[in-house]
Amino acid sequence: MAKAYRLIFDENLCIGCQACNVACRLENDVPEGVYRLQVHVTTQGVFPHLGMHFERRSCVMCDEPPCVSVCPTGASFQSKDGLVHIHESQCITCKYCILACPYHARFINPVKNVVEKCTFCFDSRLSKALDPACVSVCTTEALRFGDVSQENSTVAMLSRKETLLFPKAHLGTKPKVCFIPARKGVKV
Amino acid sequence: MQGSLRAWEPSILKGEDKWVRSVCEMCSSRCAIEVRVVDQKPVWLQGNAFDARIHSSICARGLSGVSQLYDQDRLRTPLMRVGRRGENRWREASWDEALSFVASSMQRLKQNYGAQSMLFSSKTGESFDLLSSFAANYGSPNTFSHWSSCPIAIESALEQTFGERAYRDFEHADYIVNFGHNLFEGLDIPLSKAMARFAANPSKKLIVLDPRFSIMAGKADEWYPIKAGQDLAFVLSLLHVWLRDAKYDHAFVRRYCIGLDALKASLKETTPQWQERYTGIDAKTIERLADEIYRAAPRCILDWGHKATTSPAEFQRTRAILIANVLMGNVEKKGGIYFAKTPEMLNALIQEPLFPLLQSPYPTPEVGIARIDGAGEERSAYRFVPKKHGVLNAIADAILTQQPYAIKGWFLTRHNPLVTVADPQKMRTAMASLDLIVVNDIYMSDTAMMADVVLPESTYLERDESIHLHHGLVPSYTMRNRALTPLHRTRSLHEIVRSLADALGFSHAYPWKTMQELRAYQAKGNSALLESLVKRGYVQATIPHLFLREEASARAFCERYAHVEPRHVLEMFERRRKTPSGKIELFCAHIEKAFEGYGVPCAVDMDVQQNYPYTLISGKSAIHTNGHTQNVPYLHALMSDNPLWMHPSTAKAHGLRQNDTCYIENEIGKEKVKVFLTEGIRPDTLFLYMGFGRQTPLLPKIDRKGSSASKLLPLKTAPVCGAMITNTGVRIVRA
């Protein structure tokens with residue numbers, strides 16, 4: 001049966017330590033200067049009424065991925081589990097997908113000269129039933145990953161309990177990555 | 001199948017793919033880790049799930065252990081100085097040449113000036129224990145740990161109040177008051193994780209007092225941008241309110257404490273109104289918080305922090321915080337504070353040797369000569385500073401004046417005082433006058449630049465080490481197991497010390513030659529423990545968590561161990577404490593005798609700004625470790641600079657904009673800074689992350705990048721505990 005993967009990022013638990021960012025680099029040999037995954041920390045408000053926001057930036061694995069339909073060679077494709085991948089050998093670096101992605105998740109790997117992005121660590125981990133590297137190392141367990149169609153999975157239970165926000169939901173891209181927004185601090 | 005290819009497959013065709021369990025050393029939290037090693041190459045690091053608190057979690061620095069290992073800029077071979085000291089001209093040397101130079105120089109200094117003319121320093125941990133032993137056997141009392149530049153006020157306040165260390169049960173607390181203990185940037189995975197869960201839980205309450213909007217402050221229910229160094233005033237007024245309203249655990253204080261009257265007398269004037277002008281927090285807030293906190297007790301913690309260097313009153317500040325915990329009656333209560341459940345204590349309680357006892361492989365004989373800083377000597381200003389740890393801030397003057405006796409040499413193990421200790425300008429001058437400086441480190445450092453001999457050390461991934469016992473609710477044991485043999489011509493401190501001890505004629509002090517022998521000696525031949533530690537890296541027996549004054553906890557423990565009765569558990573708590581009075585000391589008579597006004601918390605020595613318009617504060621980031629990791633490629637890519645945090649109104653007053661360059665200065669120094677505008681800091685406060693502004697031409701990537709707060713810190717220390725003070729007054733000067 002096809003999987004319904006979901007990655008939940010709990011902003012309340014995230015401390016912006018960048019362990020996920022470094023884990024991703026180490027696991028996927030991401031070259032210096034480019035990122036598949038970053039957490040941006042911003043302070044908002046006016047002293048002393050402040051809030052701190054943690055935004056996880058990476059591919060959100062859309063169910064309706066704009067990057068796939070614009071790809072002229074079929075290099076960008078969606079697997080039967082709904083994961084979006086790139087056939088490196090078919091990528092002609094035309095950058096259509098980079099422009100089409102509303103999440104700014106794609107970039108050109110300067111070493112391989114092909115477009116690259118998060119894969120949920122599919123080849124090295126997910127295909128072996130291991131969590132993506134970022135999820136596995138997270139210092140505060142702010143990331144949860146699993147199959148939301150499995151009723152007893154952590155992500156299914158969290159999804160029932162928490163109000164989840166899907167980034168840029170209005171675009172109808174139906175991301176598999178979602179977040180639990182911060183409950184504390186000033187909202188701007 | 002003999003002879004077939006399949007039989008060889010794992011090792012030859014597929015290559016070796018194994019996990020080694022060890023202990024991280026990218027900072028000093030010593031989290032348990034697992035290293036994935038493919039074909040003798042470490043390729044991945046993660047938390048060691050044998051420590052259930054850690055699971056597979058690891059921080060950015062921990063992950064970058066691989067990046068450090070393969071960094072081309074690491075020291076690879078011994079270096080000997082050829083130019084003037086600090087001139088940065090070197091030649092490569094063999095280990096034999098380098099070590100025999102060190103041994104003969106140390107021998108010469110001992111003959112000419114006495115062994116006490118050599119200083120030895122390292123941060124605490126295995127290298128410090130080993131180096132202290134080496135120093136003592138050589139004959140010098142002058143060992144220095146990092147304590148006086150970091151946690152000494154806490155260690156000292158705990159010792160004087162309880163006679164032992166205390167720990168915090170963040171996991172079960174309902175309410176926490178945090179005085180800038182930034183567990184979300186100074187990471188310790190088990191503690192940081194517990195704190196993150198706490199902060200994210202809507203039914204718990206976190207109050208953070210910090211002049212800066214830190215990550216911790218960002219997670220708080222309430223953040224108070226307290227004026228730097230004024231925690232003491234806040235706590236004194238909190239205590240005032242409780243004592244005024246008789247809100248404290250009367251039975252606990254009566255039974256286990258001494259000095260309540262002295263405390264009451266001292267706090268008469270420290271009203272919520274009084275503290276307003278120090279902290280900037282209004283009196284009504286104090287009244288409300290005092291009430292909330294008291295109602296949350298005993299599942300409430302006032303967190304004394306990790307590093308305590310905020311003001312000259314640091315001993316008082318930390319004592320006041322400890323006493324607030326005591327008055328809440330949270331000692332040995334779930335969600336409060338507790339003392340270590342040591343192997344000796346648990347074995348005695350359950351009458352079964354469940355927890356192995358270790359013996360120290362590092363004999364450290366008493367030297368019988370006073371230290372240069374007078375630490376631990378009667379009548380000295382530092383009489384209450386442990387002899388073992390010393391006062392780093394006292395070194396420069398002692399060298400420059402050659403008082404109380406000739407000081408000629410310094411052996412530093414991965415210690416970089418020119419970055420981490422106050423007034424490095426003066427320290428550099430002092431170092432320049434020494435006859436011998438030996439540094440072992442994995443990178444060239446500002447301090448190594450001043451050395452005669454630089455000994456390249458193996459990184460923690462290349463080192464086997466001894467067993468480390470961690471204290472807490474349940475004792476645990478960890479052991480560093482190497483993931484690979486050294487990539488370069490590097491050695492461990494054990495190998496270095498063993499060779500030098502041979503050459504200096506005291507090899508008999510060490511009953512071990514190899515790490516295997518050392519471990520076996522330490523474990524008293526307990527091969528089951530050693531085997532587990534080689535395989536798992538982390539060993540902990542599963543016993544129920546025990547809070548001695550928590551009835552439910554004692555009952556659960558007694559159910560598991562039927563022959564233990566609840567009264568035995570309480571007796572453990574009621575034993576005479578290791579304080580002069582045998583009780584918890586709200587008032588310390590012997591401290592008062594030596595330091596008038598310091599026997600009981602009171603408002604003294606709180607000013608850090610010293611008539612300057614701004615206070616400069618500094619702190620840790622989650623990306624770098626003090627003065628150590630700036631060159632590690634992965635981490636350098638994430639953070640290569642440390643601009644000065646400044647409030648926009650402050651910048652405006654000086655005509656400064658984002659990214660402008662200016663200077664901050666005081667009577668100690670002048671440092672160039674780049675401006676980073678943020679609403680997240682008090683307008684009268686400036687902030688720098690630690691560890692930048694280096695002077696290391698051999699590491700061009702980090703040389704002179706960013707700014708060093710240390711260059712503006714005076715050598716003045718906090719009374720009683722000898723702590724360095726890392727908040728200081730400065731003015732802003734246009735470039």
# chains A, B, ... in the order shown; residues from 1 in each chain; ligands from 1
$ residues_around --residues "Ile108 in chain A" --least-positions-apart "5" --cutoff "9 Å" --atoms "only C-alpha atoms" --output "JSON, numbers by chain"
{"A": [34, 93, 95, 98, 113, 114, 115, 116, 117]}
$ closest_atom_pairs --of "chain B" --to "chain A" --cutoff "6 Å" --atoms "only C-alpha atoms" --output "JSON lines"
{"residue": "B:Ser56", "atom": "CA", "partner": "A:Val137", "partner_atom": "CA", "distance": 5.6}
{"residue": "B:Ser57", "atom": "CA", "partner": "A:Val137", "partner_atom": "CA", "distance": 4.1}
{"residue": "B:Ile58", "atom": "CA", "partner": "A:Val137", "partner_atom": "CA", "distance": 5.2}
{"residue": "B:Cys59", "atom": "CA", "partner": "A:Ala19", "partner_atom": "CA", "distance": 4.7}
{"residue": "B:Ala60", "atom": "CA", "partner": "A:Ala19", "partner_atom": "CA", "distance": 3.9}
{"residue": "B:Phe184", "atom": "CA", "partner": "A:Ile15", "partner_atom": "CA", "distance": 6.0}
{"residue": "B:Lys193", "atom": "CA", "partner": "A:Thr140", "partner_atom": "CA", "distance": 4.7}
{"residue": "B:Ala196", "atom": "CA", "partner": "A:Leu13", "partner_atom": "CA", "distance": 5.6}
{"residue": "B:Ala200", "atom": "CA", "partner": "A:Asn12", "partner_atom": "CA", "distance": 5.2}
{"residue": "B:Gly218", "atom": "CA", "partner": "A:Met52", "partner_atom": "CA", "distance": 5.1}
{"residue": "B:Ala622", "atom": "CA", "partner": "A:Cys17", "partner_atom": "CA", "distance": 5.5}
{"residue": "B:Glu679", "atom": "CA", "partner": "A:Phe47", "partner_atom": "CA", "distance": 5.2}
$ atom_distance --atom1 "CA of Pro365 in chain B" --atom2 "CA of Ser133 in chain B"
7.6 Å
$ atom_distance --atom1 "CA of Val37 in chain B" --atom2 "CA of Leu484 in chain B"
8.1 Å
$ select_by_dssp --residues "range 297-488 of chain B" --states "alpha helix (DSSP H)" --output "number ranges by chain"
B: 314-327, 343-350, 395-401, 417-420, 424-432
$ select_by_dssp --residues "chain A" --states "strand (DSSP E or B)" --output "PyMOL selection string"
chain A and resi 5-10+38-46+49-57+76-78+84-86+107-109+114-116+143-147+165+177-180
$ decode --residues "range 54-151 of chain A" --atoms "C-alpha atoms" --output "mmCIF file, in the first residue's frame"
data_model
loop_
_atom_site.group_PDB
_atom_site.id
_atom_site.type_symbol
_atom_site.label_atom_id
_atom_site.label_comp_id
_atom_site.auth_asym_id
_atom_site.auth_seq_id
_atom_site.Cartn_x
_atom_site.Cartn_y
_atom_site.Cartn_z
ATOM 1 C CA PHE A 54 11.648 29.328 13.841
ATOM 2 C CA GLU A 55 11.019 28.537 10.219
ATOM 3 C CA ARG A 56 12.168 25.275 8.696
ATOM 4 C CA ARG A 57 13.023 25.774 5.040
ATOM 5 C CA SER A 58 13.305 22.777 2.749
ATOM 6 C CA CYS A 59 11.317 20.908 0.116
ATOM 7 C CA VAL A 60 7.854 20.269 1.550
ATOM 8 C CA MET A 61 7.140 17.302 -0.759
ATOM 9 C CA CYS A 62 3.919 18.579 -2.346
ATOM 10 C CA ASP A 63 1.183 16.171 -3.319
ATOM 11 C CA GLU A 64 0.568 18.578 -6.209
ATOM 12 C CA PRO A 65 4.145 19.590 -7.047
ATOM 13 C CA PRO A 66 4.525 22.570 -9.423
ATOM 14 C CA CYS A 67 8.143 21.565 -10.032
ATOM 15 C CA VAL A 68 7.168 18.290 -11.710
ATOM 16 C CA SER A 69 4.739 19.646 -14.262
ATOM 17 C CA VAL A 70 7.189 22.296 -15.519
ATOM 18 C CA CYS A 71 10.105 19.899 -15.992
ATOM 19 C CA PRO A 72 10.709 19.520 -19.751
ATOM 20 C CA THR A 73 12.675 16.260 -19.528
ATOM 21 C CA GLY A 74 10.817 14.313 -16.870
ATOM 22 C CA ALA A 75 13.812 14.562 -14.532
ATOM 23 C CA SER A 76 11.517 15.857 -11.798
ATOM 24 C CA PHE A 77 9.011 13.165 -11.012
ATOM 25 C CA GLN A 78 6.708 11.895 -8.308
ATOM 26 C CA SER A 79 6.970 8.383 -6.938
ATOM 27 C CA LYS A 80 3.982 6.201 -6.143
ATOM 28 C CA ASP A 81 4.326 7.286 -2.500
ATOM 29 C CA GLY A 82 3.925 10.870 -3.637
ATOM 30 C CA LEU A 83 7.550 11.788 -3.008
ATOM 31 C CA VAL A 84 9.109 14.217 -5.444
ATOM 32 C CA HIS A 85 12.531 13.192 -6.744
ATOM 33 C CA ILE A 86 14.982 14.172 -9.456
ATOM 34 C CA HIS A 87 16.653 11.854 -11.971
ATOM 35 C CA GLU A 88 20.061 13.495 -11.980
ATOM 36 C CA SER A 89 20.967 12.015 -15.356
ATOM 37 C CA GLN A 90 17.932 13.594 -16.994
ATOM 38 C CA CYS A 91 18.336 17.061 -15.452
ATOM 39 C CA ILE A 92 19.475 19.677 -17.975
ATOM 40 C CA THR A 93 19.727 22.425 -15.322
ATOM 41 C CA CYS A 94 17.143 24.561 -17.104
ATOM 42 C CA LYS A 95 16.005 25.951 -13.717
ATOM 43 C CA TYR A 96 12.281 25.910 -14.601
ATOM 44 C CA CYS A 97 11.620 23.914 -11.454
ATOM 45 C CA ILE A 98 13.642 26.321 -9.321
ATOM 46 C CA LEU A 99 11.413 29.165 -10.493
ATOM 47 C CA ALA A 100 8.229 27.127 -10.156
ATOM 48 C CA CYS A 101 8.870 26.046 -6.553
ATOM 49 C CA PRO A 102 6.967 28.382 -4.199
ATOM 50 C CA TYR A 103 9.120 27.194 -1.276
ATOM 51 C CA HIS A 104 12.533 28.097 -2.733
ATOM 52 C CA ALA A 105 13.608 24.579 -1.929
ATOM 53 C CA ARG A 106 15.592 23.784 -5.076
ATOM 54 C CA PHE A 107 19.101 24.847 -6.013
ATOM 55 C CA ILE A 108 21.905 23.860 -8.334
ATOM 56 C CA ASN A 109 24.498 21.575 -6.848
ATOM 57 C CA PRO A 110 27.670 23.382 -7.957
ATOM 58 C CA VAL A 111 29.715 20.187 -7.959
ATOM 59 C CA LYS A 112 27.358 18.012 -10.011
ATOM 60 C CA ASN A 113 25.719 20.872 -11.923
ATOM 61 C CA VAL A 114 22.243 19.402 -11.493
ATOM 62 C CA VAL A 115 19.231 20.611 -9.562
ATOM 63 C CA GLU A 116 18.969 19.187 -6.075
ATOM 64 C CA LYS A 117 16.695 19.306 -3.032
ATOM 65 C CA CYS A 118 15.584 17.356 0.014
ATOM 66 C CA THR A 119 14.624 13.729 -0.694
ATOM 67 C CA PHE A 120 13.624 12.777 2.870
ATOM 68 C CA CYS A 121 16.995 10.930 2.621
ATOM 69 C CA PHE A 122 15.183 8.425 0.421
ATOM 70 C CA ASP A 123 18.094 6.381 -0.940
ATOM 71 C CA SER A 124 20.277 6.241 2.134
ATOM 72 C CA ARG A 125 17.641 6.038 4.853
ATOM 73 C CA LEU A 126 13.947 6.111 4.040
ATOM 74 C CA SER A 127 14.147 3.171 1.632
ATOM 75 C CA LYS A 128 15.684 1.222 4.533
ATOM 76 C CA ALA A 129 12.860 2.246 6.889
ATOM 77 C CA LEU A 130 15.078 4.775 8.682
ATOM 78 C CA ASP A 131 13.953 8.310 9.536
ATOM 79 C CA PRO A 132 15.455 11.146 7.493
ATOM 80 C CA ALA A 133 18.763 12.368 8.972
ATOM 81 C CA CYS A 134 17.288 15.654 10.233
ATOM 82 C CA VAL A 135 14.549 13.852 12.147
ATOM 83 C CA SER A 136 16.948 11.352 13.618
ATOM 84 C CA VAL A 137 19.399 13.914 15.056
ATOM 85 C CA CYS A 138 17.032 16.712 16.147
ATOM 86 C CA THR A 139 18.334 17.783 19.563
ATOM 87 C CA THR A 140 14.901 18.504 21.003
ATOM 88 C CA GLU A 141 12.836 15.980 19.002
ATOM 89 C CA ALA A 142 11.023 18.832 17.278
ATOM 90 C CA LEU A 143 10.712 16.777 14.076
ATOM 91 C CA ARG A 144 8.426 13.768 13.695
ATOM 92 C CA PHE A 145 8.207 11.662 10.592
ATOM 93 C CA GLY A 146 6.083 8.737 9.552
ATOM 94 C CA ASP A 147 3.108 7.365 7.694
ATOM 95 C CA VAL A 148 0.003 9.325 8.614
ATOM 96 C CA SER A 149 -2.248 6.562 7.257
ATOM 97 C CA GLN A 150 -1.004 4.304 10.058
ATOM 98 C CA GLU A 151 -3.376 5.211 12.855
#
